[in-house]
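Source file: model-v8.cif (mmCIF, C-alpha atoms)
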data_run
loop_
_atom_site.group_PDB
_atom_site.id
_atom_site.type_symbol
_atom_site.label_atom_id
_atom_site.label_comp_id
_atom_site.auth_asym_id
_atom_site.auth_seq_id
_atom_site.Cartn_x
_atom_site.Cartn_y
_atom_site.Cartn_z
ATOM 1 C CA MET A 287 0.000 0.000 0.000
ATOM 2 C CA ASN A 288 1.016 3.640 -0.012
ATOM 3 C CA ASN A 289 2.009 3.660 3.667
ATOM 4 C CA LYS A 290 2.575 1.316 6.576
ATOM 5 C CA LYS A 291 -0.959 1.641 7.804
ATOM 6 C CA ASP A 292 -2.306 0.622 4.436
ATOM 7 C CA GLU A 293 -0.045 -2.448 4.339
ATOM 8 C CA LYS A 294 -1.960 -4.109 7.193
ATOM 9 C CA CYS A 295 -4.945 -5.902 5.703
ATOM 10 C CA CYS A 296 -8.003 -6.233 7.887
ATOM 11 C CA HIS A 297 -9.471 -9.116 5.893
ATOM 12 C CA MET A 298 -7.596 -11.542 3.650
ATOM 13 C CA THR A 299 -10.207 -12.202 0.995
ATOM 14 C CA SER A 300 -10.443 -15.159 -1.342
ATOM 15 C CA ILE A 301 -11.965 -12.903 -3.985
ATOM 16 C CA GLY A 302 -9.884 -12.501 -7.114
ATOM 17 C CA GLY A 303 -10.489 -11.448 -10.668
ATOM 18 C CA GLN A 304 -9.177 -10.326 -14.005
ATOM 19 C CA ALA A 305 -9.557 -7.495 -16.458
ATOM 20 C CA VAL A 306 -11.758 -7.989 -19.504
ATOM 21 C CA ILE A 307 -12.673 -5.768 -22.442
ATOM 22 C CA GLU A 308 -13.918 -2.497 -20.931
ATOM 23 C CA GLY A 309 -14.557 -4.196 -17.625
ATOM 24 C CA VAL A 310 -13.574 -6.406 -14.720
ATOM 25 C CA MET A 311 -14.483 -9.927 -13.655
ATOM 26 C CA MET A 312 -14.535 -10.759 -9.944
ATOM 27 C CA ARG A 313 -14.845 -14.284 -8.548
ATOM 28 C CA GLY A 314 -16.087 -14.723 -5.002
ATOM 29 C CA PRO A 315 -16.809 -17.824 -2.941
ATOM 30 C CA GLN A 316 -20.366 -18.060 -4.287
ATOM 31 C CA LYS A 317 -20.667 -15.906 -7.420
ATOM 32 C CA ILE A 318 -18.747 -14.721 -10.470
ATOM 33 C CA ALA A 319 -19.605 -11.222 -11.665
ATOM 34 C CA THR A 320 -18.430 -9.520 -14.854
ATOM 35 C CA ALA A 321 -19.024 -5.770 -15.000
ATOM 36 C CA VAL A 322 -18.640 -4.023 -18.360
ATOM 37 C CA ARG A 323 -19.133 -0.361 -19.243
ATOM 38 C CA LYS A 324 -20.930 0.144 -22.550
ATOM 39 C CA SER A 325 -20.223 3.132 -24.799
ATOM 40 C CA SER A 326 -23.424 4.733 -23.463
ATOM 41 C CA GLY A 327 -21.835 4.839 -20.002
ATOM 42 C CA GLU A 328 -24.112 2.147 -18.570
ATOM 43 C CA ILE A 329 -22.488 -0.603 -16.485
ATOM 44 C CA ILE A 330 -23.770 -4.080 -17.348
ATOM 45 C CA ILE A 331 -23.216 -6.807 -14.730
ATOM 46 C CA ASP A 332 -23.427 -10.511 -15.497
ATOM 47 C CA GLU A 333 -23.707 -12.680 -12.384
ATOM 48 C CA LYS A 334 -23.301 -16.446 -12.341
ATOM 49 C CA PRO A 335 -22.957 -18.954 -9.476
ATOM 50 C CA VAL A 336 -19.555 -20.507 -8.903
ATOM 51 C CA ASN A 337 -19.656 -24.061 -10.216
ATOM 52 C CA SER A 338 -16.188 -25.267 -9.294
ATOM 53 C CA PHE A 339 -14.992 -28.818 -9.938
ATOM 54 C CA VAL A 340 -12.464 -28.306 -7.129
ATOM 55 C CA VAL A 341 -15.167 -27.468 -4.588
ATOM 56 C CA ARG A 342 -17.685 -30.075 -5.801
ATOM 57 C CA HIS A 343 -15.179 -32.889 -5.465
ATOM 58 C CA LYS A 344 -13.494 -31.496 -2.343
ATOM 59 C CA LEU A 345 -10.131 -31.118 -4.071
ATOM 60 C CA ASN A 346 -9.533 -27.790 -2.340
ATOM 61 C CA LYS A 347 -8.023 -29.712 0.590
ATOM 62 C CA ILE A 348 -5.445 -31.508 -1.584
ATOM 63 C CA PRO A 349 -2.284 -29.421 -2.149
ATOM 64 C CA ILE A 350 -0.793 -29.322 -5.670
ATOM 65 C CA LEU A 351 -3.798 -31.070 -7.268
ATOM 66 C CA ARG A 352 -6.117 -28.196 -6.345
ATOM 67 C CA GLY A 353 -3.714 -25.803 -8.042
ATOM 68 C CA VAL A 354 -3.654 -27.741 -11.304
ATOM 69 C CA VAL A 355 -7.445 -27.989 -11.554
ATOM 70 C CA SER A 356 -7.951 -24.386 -10.392
ATOM 71 C CA PHE A 357 -5.555 -23.172 -13.082
ATOM 72 C CA VAL A 358 -7.572 -24.836 -15.856
ATOM 73 C CA GLU A 359 -10.843 -23.633 -14.326
ATOM 74 C CA SER A 360 -9.515 -20.082 -14.176
ATOM 75 C CA MET A 361 -8.576 -20.143 -17.856
ATOM 76 C CA VAL A 362 -12.013 -21.416 -18.898
ATOM 77 C CA THR A 363 -13.782 -18.852 -16.696
ATOM 78 C CA GLY A 364 -11.510 -16.082 -17.960
ATOM 79 C CA VAL A 365 -12.205 -16.812 -21.621
ATOM 80 C CA ARG A 366 -15.938 -17.081 -20.922
ATOM 81 C CA CYS A 367 -15.947 -13.655 -19.250
ATOM 82 C CA LEU A 368 -13.847 -12.159 -22.054
ATOM 83 C CA MET A 369 -16.393 -13.368 -24.587
ATOM 84 C CA PHE A 370 -19.214 -11.836 -22.549
ATOM 85 C CA SER A 371 -17.414 -8.491 -22.377
ATOM 86 C CA ALA A 372 -16.733 -8.575 -26.129
ATOM 87 C CA ASP A 373 -20.469 -9.090 -26.759
ATOM 88 C CA GLN A 374 -21.275 -5.971 -24.701
ATOM 89 C CA VAL A 375 -18.811 -3.592 -26.342
ATOM 90 C CA ASP A 376 -20.248 -1.715 -29.295
ATOM 91 C CA ILE A 377 -18.263 -2.155 -32.493
ATOM 92 C CA GLU A 378 -18.215 1.043 -34.511
ATOM 93 C CA ASP A 379 -18.767 0.980 -38.242
ATOM 94 C CA SER A 380 -19.702 -2.698 -38.173
ATOM 95 C CA ASP A 381 -21.687 -3.932 -41.162
ATOM 96 C CA THR A 382 -24.729 -5.547 -39.576
ATOM 97 C CA SER A 383 -26.366 -6.010 -42.991
ATOM 98 C CA MET A 384 -24.032 -8.863 -43.957
ATOM 99 C CA GLU A 385 -25.777 -12.208 -44.237
ATOM 100 C CA PRO A 386 -24.143 -15.173 -42.468
ATOM 101 C CA SER A 387 -22.334 -17.578 -44.792
ATOM 102 C CA ARG A 388 -23.642 -21.056 -45.590
ATOM 103 C CA PHE A 389 -20.956 -22.511 -43.313
ATOM 104 C CA GLU A 390 -21.998 -20.242 -40.424
ATOM 105 C CA LYS A 391 -25.641 -21.224 -40.943
ATOM 106 C CA TRP A 392 -24.663 -24.925 -40.940
ATOM 107 C CA ILE A 393 -22.643 -24.541 -37.716
ATOM 108 C CA ASP A 394 -25.508 -22.691 -36.036
ATOM 109 C CA ASP A 395 -28.010 -25.313 -37.171
ATOM 110 C CA LYS A 396 -25.911 -28.285 -36.001
ATOM 111 C CA LEU A 397 -24.478 -26.935 -32.764
ATOM 112 C CA GLY A 398 -26.743 -24.069 -31.709
ATOM 113 C CA ASP A 399 -25.864 -22.730 -28.255
ATOM 114 C CA LYS A 400 -22.988 -25.205 -27.932
ATOM 115 C CA VAL A 401 -20.914 -23.142 -30.377
ATOM 116 C CA LYS A 402 -19.847 -20.682 -27.687
ATOM 117 C CA ASP A 403 -18.811 -23.444 -25.261
ATOM 118 C CA ILE A 404 -16.783 -25.138 -27.981
ATOM 119 C CA ALA A 405 -15.127 -21.826 -28.843
ATOM 120 C CA ILE A 406 -14.197 -21.307 -25.178
ATOM 121 C CA TYR A 407 -12.493 -24.687 -24.807
ATOM 122 C CA VAL A 408 -10.758 -24.352 -28.175
ATOM 123 C CA SER A 409 -9.475 -20.919 -27.121
ATOM 124 C CA VAL A 410 -8.114 -22.340 -23.856
ATOM 125 C CA ALA A 411 -6.435 -25.214 -25.712
ATOM 126 C CA VAL A 412 -4.856 -22.838 -28.239
ATOM 127 C CA ALA A 413 -3.648 -20.513 -25.466
ATOM 128 C CA LEU A 414 -2.071 -23.440 -23.581
ATOM 129 C CA CYS A 415 -0.374 -24.748 -26.733
ATOM 130 C CA PHE A 416 0.954 -21.287 -27.576
ATOM 131 C CA SER A 417 2.301 -20.818 -24.046
ATOM 132 C CA VAL A 418 3.988 -24.231 -24.041
ATOM 133 C CA LEU A 419 5.552 -23.572 -27.454
ATOM 134 C CA LEU A 420 6.778 -20.055 -26.641
ATOM 135 C CA PHE A 421 7.842 -20.409 -23.015
ATOM 136 C CA MET A 422 8.849 -24.076 -22.784
ATOM 137 C CA ILE A 423 9.751 -25.697 -26.103
ATOM 138 C CA LEU A 424 11.442 -22.665 -27.711
ATOM 139 C CA PRO A 425 13.799 -21.979 -24.744
ATOM 140 C CA THR A 426 14.698 -25.692 -24.607
ATOM 141 C CA VAL A 427 15.564 -25.744 -28.312
ATOM 142 C CA ILE A 428 17.596 -22.516 -28.075
ATOM 143 C CA ALA A 429 19.536 -23.780 -25.067
ATOM 144 C CA GLY A 430 20.269 -26.975 -27.020
ATOM 145 C CA PHE A 431 22.592 -24.992 -29.309
ATOM 146 C CA PHE A 432 24.976 -24.592 -26.356
ATOM 147 C CA ASP A 433 25.144 -28.349 -25.789
ATOM 148 C CA GLY A 434 28.122 -28.693 -28.103
ATOM 149 C CA PHE A 435 30.552 -26.728 -25.943
ATOM 150 C CA ILE A 436 28.920 -26.671 -22.480
ATOM 151 C CA LYS A 437 28.621 -30.097 -20.850
ATOM 152 C CA ASN A 438 27.506 -29.114 -17.345
ATOM 153 C CA ARG A 439 23.783 -29.880 -17.131
ATOM 154 C CA ILE A 440 23.169 -27.270 -14.425
ATOM 155 C CA CYS A 441 24.713 -24.545 -16.611
ATOM 156 C CA LEU A 442 22.645 -25.662 -19.598
ATOM 157 C CA ASN A 443 19.448 -25.648 -17.537
ATOM 158 C CA LEU A 444 20.279 -22.192 -16.197
ATOM 159 C CA ILE A 445 20.844 -20.948 -19.765
ATOM 160 C CA GLU A 446 17.470 -22.399 -20.715
ATOM 161 C CA GLY A 447 15.876 -20.696 -17.717
ATOM 162 C CA GLY A 448 17.476 -17.369 -18.597
ATOM 163 C CA VAL A 449 16.196 -17.615 -22.178
ATOM 164 C CA LYS A 450 12.738 -18.501 -20.865
ATOM 165 C CA ILE A 451 12.568 -15.471 -18.578
ATOM 166 C CA LEU A 452 13.955 -13.184 -21.295
ATOM 167 C CA ILE A 453 11.277 -14.311 -23.766
ATOM 168 C CA PHE A 454 8.623 -13.868 -21.077
ATOM 169 C CA LEU A 455 9.775 -10.328 -20.208
ATOM 170 C CA LEU A 456 10.022 -9.305 -23.875
ATOM 171 C CA TYR A 457 6.532 -10.676 -24.492
ATOM 172 C CA MET A 458 5.090 -8.775 -21.531
ATOM 173 C CA TRP A 459 6.901 -5.596 -22.538
ATOM 174 C CA GLY A 460 5.645 -5.894 -26.106
ATOM 175 C CA VAL A 461 1.963 -6.411 -25.296
ATOM 176 C CA SER A 462 2.062 -3.639 -22.673
ATOM 177 C CA HIS A 463 2.761 -1.147 -25.476
ATOM 178 C CA MET A 464 -0.297 -2.128 -27.530
ATOM 179 C CA SER A 465 -2.968 0.580 -27.237
ATOM 180 C CA ASP A 466 -5.910 -1.805 -26.765
ATOM 181 C CA ILE A 467 -4.021 -3.891 -24.210
ATOM 182 C CA ARG A 468 -2.979 -0.790 -22.267
ATOM 183 C CA ARG A 469 -6.637 -0.070 -21.585
ATOM 184 C CA VAL A 470 -7.204 -3.643 -20.407
ATOM 185 C CA PHE A 471 -4.207 -3.206 -18.097
ATOM 186 C CA GLU A 472 -5.877 -0.104 -16.642
ATOM 187 C CA TYR A 473 -8.854 -2.251 -15.694
ATOM 188 C CA HIS A 474 -6.355 -4.741 -14.262
ATOM 189 C CA GLY A 475 -5.073 -1.961 -12.020
ATOM 190 C CA ALA A 476 -8.642 -1.094 -11.042
ATOM 191 C CA GLU A 477 -9.261 -4.712 -10.052
ATOM 192 C CA HIS A 478 -6.229 -4.736 -7.737
ATOM 193 C CA LYS A 479 -7.048 -1.381 -6.144
ATOM 194 C CA THR A 480 -10.607 -2.490 -5.441
ATOM 195 C CA ILE A 481 -9.518 -5.761 -3.828
ATOM 196 C CA ALA A 482 -6.950 -3.878 -1.718
ATOM 197 C CA THR A 483 -9.649 -1.471 -0.535
ATOM 198 C CA TYR A 484 -11.898 -4.347 0.507
ATOM 199 C CA GLU A 485 -9.040 -6.144 2.267
ATOM 200 C CA ALA A 486 -8.221 -2.974 4.190
ATOM 201 C CA GLY A 487 -11.782 -2.902 5.535
ATOM 202 C CA GLU A 488 -12.656 0.397 3.887
ATOM 203 C CA GLU A 489 -15.890 1.290 2.159
ATOM 204 C CA LEU A 490 -15.813 0.468 -1.544
ATOM 205 C CA THR A 491 -15.769 3.945 -3.066
ATOM 206 C CA VAL A 492 -13.723 5.434 -5.887
ATOM 207 C CA GLU A 493 -11.993 7.878 -3.542
ATOM 208 C CA ASN A 494 -10.916 5.095 -1.188
ATOM 209 C CA ALA A 495 -9.749 2.820 -4.002
ATOM 210 C CA LYS A 496 -7.592 5.565 -5.532
ATOM 211 C CA LYS A 497 -5.357 5.519 -2.434
ATOM 212 C CA TYR A 498 -4.176 1.945 -2.900
ATOM 213 C CA THR A 499 -1.468 0.405 -5.031
ATOM 214 C CA ARG A 500 -2.255 -1.295 -8.317
ATOM 215 C CA LEU A 501 0.105 -4.160 -7.375
ATOM 216 C CA HIS A 502 -1.132 -7.255 -5.537
ATOM 217 C CA PRO A 503 0.728 -10.411 -4.372
ATOM 218 C CA ARG A 504 -2.010 -12.775 -5.604
ATOM 219 C CA CYS A 505 -1.931 -11.479 -9.173
ATOM 220 C CA GLY A 506 -1.766 -13.908 -12.077
ATOM 221 C CA THR A 507 1.312 -12.084 -13.357
ATOM 222 C CA SER A 508 3.167 -13.018 -10.180
ATOM 223 C CA PHE A 509 1.899 -16.586 -10.608
ATOM 224 C CA LEU A 510 3.401 -16.795 -14.101
ATOM 225 C CA LEU A 511 6.772 -15.547 -12.871
ATOM 226 C CA ILE A 512 6.731 -18.113 -10.048
ATOM 227 C CA VAL A 513 5.958 -20.812 -12.629
ATOM 228 C CA MET A 514 9.088 -19.733 -14.515
ATOM 229 C CA VAL A 515 11.288 -19.865 -11.422
ATOM 230 C CA ILE A 516 9.906 -23.193 -10.159
ATOM 231 C CA SER A 517 10.356 -24.785 -13.577
ATOM 232 C CA ILE A 518 13.991 -23.628 -13.713
ATOM 233 C CA LEU A 519 14.735 -25.085 -10.285
ATOM 234 C CA MET A 520 12.856 -28.321 -10.880
ATOM 235 C CA PHE A 521 14.283 -29.036 -14.330
ATOM 236 C CA SER A 522 17.864 -28.234 -13.287
ATOM 237 C CA VAL A 523 18.180 -31.656 -11.602
ATOM 238 C CA PHE A 524 17.430 -33.580 -14.798
ATOM 239 C CA SER A 525 20.036 -34.784 -17.260
ATOM 240 C CA TRP A 526 20.637 -32.992 -20.544
ATOM 241 C CA LYS A 527 20.138 -35.540 -23.326
ATOM 242 C CA ASN A 528 17.993 -35.683 -26.427
ATOM 243 C CA VAL A 529 15.975 -32.489 -26.986
ATOM 244 C CA TRP A 530 12.723 -34.449 -27.406
ATOM 245 C CA ILE A 531 13.294 -36.260 -24.117
ATOM 246 C CA ARG A 532 13.845 -32.897 -22.389
ATOM 247 C CA ILE A 533 10.662 -31.479 -23.917
ATOM 248 C CA GLY A 534 8.775 -34.651 -22.965
ATOM 249 C CA TYR A 535 9.519 -34.617 -19.257
ATOM 250 C CA ARG A 536 8.981 -30.855 -19.121
ATOM 251 C CA LEU A 537 5.485 -31.373 -20.489
ATOM 252 C CA LEU A 538 4.851 -34.237 -18.063
ATOM 253 C CA LEU A 539 5.951 -32.128 -15.092
ATOM 254 C CA LEU A 540 4.066 -28.998 -16.160
ATOM 255 C CA PRO A 541 1.021 -29.825 -13.948
ATOM 256 C CA VAL A 542 3.346 -30.308 -10.962
ATOM 257 C CA VAL A 543 5.010 -26.946 -11.658
ATOM 258 C CA ALA A 544 1.598 -25.247 -11.893
ATOM 259 C CA GLY A 545 0.403 -26.931 -8.680
ATOM 260 C CA VAL A 546 3.495 -25.964 -6.679
ATOM 261 C CA SER A 547 3.318 -22.404 -8.006
ATOM 262 C CA TYR A 548 -0.321 -22.187 -6.924
ATOM 263 C CA GLU A 549 0.600 -23.192 -3.375
ATOM 264 C CA ILE A 550 3.357 -20.569 -3.282
ATOM 265 C CA ILE A 551 1.107 -17.754 -4.537
ATOM 266 C CA LYS A 552 -1.591 -18.846 -2.061
ATOM 267 C CA PHE A 553 0.929 -18.711 0.799
ATOM 268 C CA ALA A 554 2.235 -15.328 -0.379
ATOM 269 C CA GLY A 555 -1.307 -13.935 -0.475
ATOM 270 C CA LYS A 556 -1.918 -15.104 3.089
ATOM 271 C CA TYR A 557 1.389 -13.796 4.469
ATOM 272 C CA PRO A 558 2.297 -10.767 2.318
ATOM 273 C CA THR A 559 4.813 -9.235 4.738
ATOM 274 C CA GLY A 560 8.238 -10.101 6.155
ATOM 275 C CA VAL A 561 10.492 -12.536 4.298
ATOM 276 C CA VAL A 562 7.646 -13.709 2.073
ATOM 277 C CA GLY A 563 6.963 -10.108 1.111
ATOM 278 C CA TRP A 564 10.534 -9.663 -0.056
ATOM 279 C CA LEU A 565 10.466 -12.919 -2.031
ATOM 280 C CA THR A 566 7.347 -11.769 -3.897
ATOM 281 C CA LYS A 567 8.860 -8.394 -4.836
ATOM 282 C CA PRO A 568 9.926 -9.506 -8.364
ATOM 283 C CA GLY A 569 6.327 -10.495 -9.121
ATOM 284 C CA LEU A 570 5.111 -7.090 -7.928
ATOM 285 C CA TRP A 571 7.730 -5.340 -10.058
ATOM 286 C CA LEU A 572 6.570 -7.305 -13.094
ATOM 287 C CA GLN A 573 3.009 -6.109 -12.474
ATOM 288 C CA LYS A 574 4.213 -2.622 -13.363
ATOM 289 C CA LEU A 575 4.134 -3.909 -16.952
ATOM 290 C CA THR A 576 0.731 -5.606 -16.738
ATOM 291 C CA THR A 577 -1.174 -2.961 -14.754
ATOM 292 C CA ASN A 578 -1.709 0.735 -15.378
ATOM 293 C CA GLU A 579 -3.282 3.421 -13.231
ATOM 294 C CA PRO A 580 -7.062 3.385 -13.820
ATOM 295 C CA ASP A 581 -9.336 6.397 -14.052
ATOM 296 C CA GLU A 582 -12.403 6.917 -11.860
ATOM 297 C CA SER A 583 -14.827 5.387 -14.354
ATOM 298 C CA GLN A 584 -12.767 2.187 -14.459
ATOM 299 C CA LEU A 585 -12.673 2.006 -10.681
ATOM 300 C CA GLU A 586 -16.464 2.318 -10.668
ATOM 301 C CA VAL A 587 -16.706 -0.759 -12.894
ATOM 302 C CA ALA A 588 -14.335 -2.781 -10.698
ATOM 303 C CA ILE A 589 -16.239 -1.772 -7.562
ATOM 304 C CA ALA A 590 -19.549 -2.793 -9.174
ATOM 305 C CA ALA A 591 -18.138 -6.250 -9.931
ATOM 306 C CA MET A 592 -16.683 -6.549 -6.422
ATOM 307 C CA LYS A 593 -19.907 -5.635 -4.650
ATOM 308 C CA ALA A 594 -21.769 -8.274 -6.630
ATOM 309 C CA VAL A 595 -19.637 -11.155 -5.297
ATOM 310 C CA ILE A 596 -19.096 -10.209 -1.636
ATOM 311 C CA PRO A 597 -20.934 -12.824 0.466
ATOM 312 C CA GLU A 598 -23.288 -11.703 3.211
ATOM 313 C CA ASN A 599 -21.400 -13.867 5.691
ATOM 314 C CA LYS A 600 -17.715 -12.891 5.753
ATOM 315 C CA GLU A 601 -16.833 -16.247 7.285
ATOM 316 C CA GLU A 602 -17.472 -17.756 3.846
ATOM 317 C CA ASP A 603 -14.779 -15.524 2.370
ATOM 318 C CA LYS A 604 -11.455 -16.717 3.751
ATOM 319 C CA TRP A 605 -8.206 -16.950 1.859
#

When written as structure tokens, how does the structure in this file appear?
Amino acid sequence: MNNKKDEKCCHMTSIGGQAVIEGVMMRGPQKIATAVRKSSGEIIIDEKPVNSFVVRHKLNKIPILRGVVSFVESMVTGVRCLMFSADQVDIEDSDTSMEPSRFEKWIDDKLGDKVKDIAIYVSVAVALCFSVLLFMILPTVIAGFFDGFIKNRICLNLIEGGVKILIFLLYMWGVSHMSDIRRVFEYHGAEHKTIATYEAGEELTVENAKKYTRLHPRCGTSFLLIVMVISILMFSVFSWKNVWIRIGYRLLLLPVVAGVSYEIIKFAGKYPTGVVGWLTKPGLWLQKLTTNEPDESQLEVAIAAMKAVIPENKEEDKW
């Protein structure tokens, strides 16, 4: 927070969220709410009950496994909320007179309402494949070029890890300079400020939210950085042989890396000060790329989403 007083949270909430197109999604213990501001200025809120596989099957008590399943659930929920926000944003100069093609009519006739669900899962699969290719396979292949004159497996794994982090930082830096993404990152900042206000026990108002930092230890950006670090440490103990063997066991261990990273980010969110606070500093620094300072109208949207998911009984909202 901005001062020592602000750093002491009154309530460690389990509520988290993400930025969407012209809005914010918040997920509470019982509901998921996506608030989007239309071009008319109206704030539209979509509320849905939380239907978590982790909770239904009581996996939330099993470390590592709960992180793996929660990660996939979060991606599916995130894409679903992004699609909702895209439907609410007015597209200027769009040609609404165009007739759907024969293929589009056939898809609509055969699949109907299932089209959107299929699109969501395909989007998640594509995003996962892209991430694995860019941040796992590519660094492994690049590091393989050093295999001819560096025989120490630890050095080779560290080179691979350095390449991985460099690609990740360059990717984050690049997207942060895209005009459309910058606005999404402003809503990301609004999400963090709103959660910080709630955790501090203050009334959810724009003036109160403006006082708080846009950086938060439970952010997904910090999670991704922890995934990078954990993967470097975990893979450094393996031998450096055939490139396809290296890629294979990295893919096999990816769920373990995600699960361990989840437990670390959960612990950091619960104990954000002291030694843990210092260890999470790099993740907070990285959030300076993925969050921007929001304006008052964006804070209003984030607050609207937050209010919609706060349970009546605070005992149901524990991190």

| request: Please provide as JSON, numbers by chain all residues within 10 Å of range 498-500 of chain A, with the sequence filter that same-chain residues fewer than 2 positions apart are discarded (counting only C-alpha atoms). | output: {"A": [287, 288, 289, 292, 293, 472, 473, 474, 475, 476, 477, 478, 479, 480, 481, 482, 483, 486, 493, 494, 495, 496, 502, 570, 573, 574, 576, 577, 578, 579, 580]}

| task | For Arg504 in chain A, list every protein, DNA or RNA residue within 8 Å, evaluated using all atoms listed in the file, and leave out those in the same chain fewer than 4 positions away; present the list as a list in words. | result |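 Result of the neighbour search: Ser508, Phe509, Ile551, Lys552, Ala554 and Gly555 of chain A.
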
| task | Mind giving me the straight-line distance from CA of Asp466 in chain A to CA of Ala321 in chain A in Å, one decimal? | result | 18.1 Å

| Pick from A:Arg468, A:Phe435, A:Leu444, A:Glu489, whichever lies nearest to Met520 in chain A using only C-alpha atoms | A:Leu444

Around all listed atoms of range 590-598 of chain A, padded 6 Å per side, what centre and edge lengths does the axis-aligned box have in Å to one decimal, as AutoDock Vina command-line options?
--center_x -20.0 --center_y -7.8 --center_z -3.4 --size_x 18.6 --size_y 22.0 --size_z 25.1

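Excluding Phe521 in chain A itself and any same-chain residue fewer than 4 positions from it, the protein and nucleic acid residues within 8 Å of it, counting only C-alpha atoms, are A:Asn443, A:Ser517, A:Arg536.
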
| task | Would you mind reading off the distance between CA of Ile348 in chain A and CA of Val542 in chain A, one decimal, in Å? | result |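 Distance between the two atoms: 12.9 Å.
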
| field | Nearest candidate to Gln374 in chain A (options A:Val410, A:Val427, A:Val362, A:Ile329; using all atoms listed in the file) | value | A:Ile329

| Given the file above and the PyMOL selection byres ((chain A and resi 545-549) around 8), which residues are selected, and can you give them as a ChimeraX atom specification? | /A:349-354,509,512-513,516,541-544,550-553

Would you mind writing range 302-316 of chain A with N, CA and C atoms, as a CSV table (one decimal), in the frame of the given file?
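The result, written out as rebuild_7.csv:
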chain,number,residue,atom,x,y,z
A,302,GLY,N,-10.9,-12.9,-6.1
A,302,GLY,CA,-9.9,-12.5,-7.1
A,302,GLY,C,-10.6,-12.2,-8.4
A,303,GLY,N,-9.8,-11.8,-9.4
A,303,GLY,CA,-10.5,-11.4,-10.7
A,303,GLY,C,-9.5,-11.3,-11.8
A,304,GLN,N,-10.0,-10.6,-12.9
A,304,GLN,CA,-9.2,-10.3,-14.0
A,304,GLN,C,-9.8,-9.2,-14.8
A,305,ALA,N,-9.0,-8.5,-15.6
A,305,ALA,CA,-9.6,-7.5,-16.5
A,305,ALA,C,-10.1,-8.1,-17.7
A,306,VAL,N,-11.2,-7.6,-18.2
A,306,VAL,CA,-11.8,-8.0,-19.5
A,306,VAL,C,-11.9,-6.8,-20.4
A,307,ILE,N,-12.5,-6.9,-21.5
A,307,ILE,CA,-12.7,-5.8,-22.4
A,307,ILE,C,-13.6,-4.8,-21.8
A,308,GLU,N,-13.1,-3.6,-21.5
A,308,GLU,CA,-13.9,-2.5,-20.9
A,308,GLU,C,-14.6,-2.9,-19.6
A,309,GLY,N,-13.9,-3.8,-18.9
A,309,GLY,CA,-14.6,-4.2,-17.6
A,309,GLY,C,-13.7,-5.0,-16.7
A,310,VAL,N,-14.3,-5.6,-15.7
A,310,VAL,CA,-13.6,-6.4,-14.7
A,310,VAL,C,-14.4,-7.6,-14.3
A,311,MET,N,-13.8,-8.8,-14.2
A,311,MET,CA,-14.5,-9.9,-13.7
A,311,MET,C,-14.0,-10.2,-12.2
A,312,MET,N,-14.9,-10.4,-11.3
A,312,MET,CA,-14.5,-10.8,-9.9
A,312,MET,C,-15.2,-12.1,-9.6
A,313,ARG,N,-14.4,-13.0,-9.0
A,313,ARG,CA,-14.8,-14.3,-8.5
A,313,ARG,C,-14.8,-14.4,-7.0
A,314,GLY,N,-16.0,-14.6,-6.4
A,314,GLY,CA,-16.1,-14.7,-5.0
A,314,GLY,C,-16.3,-16.2,-4.6
A,315,PRO,N,-16.6,-16.4,-3.4
A,315,PRO,CA,-16.8,-17.8,-2.9
A,315,PRO,C,-18.1,-18.4,-3.5
A,316,GLN,N,-19.1,-17.6,-3.8
A,316,GLN,CA,-20.4,-18.1,-4.3
A,316,GLN,C,-20.7,-17.6,-5.7
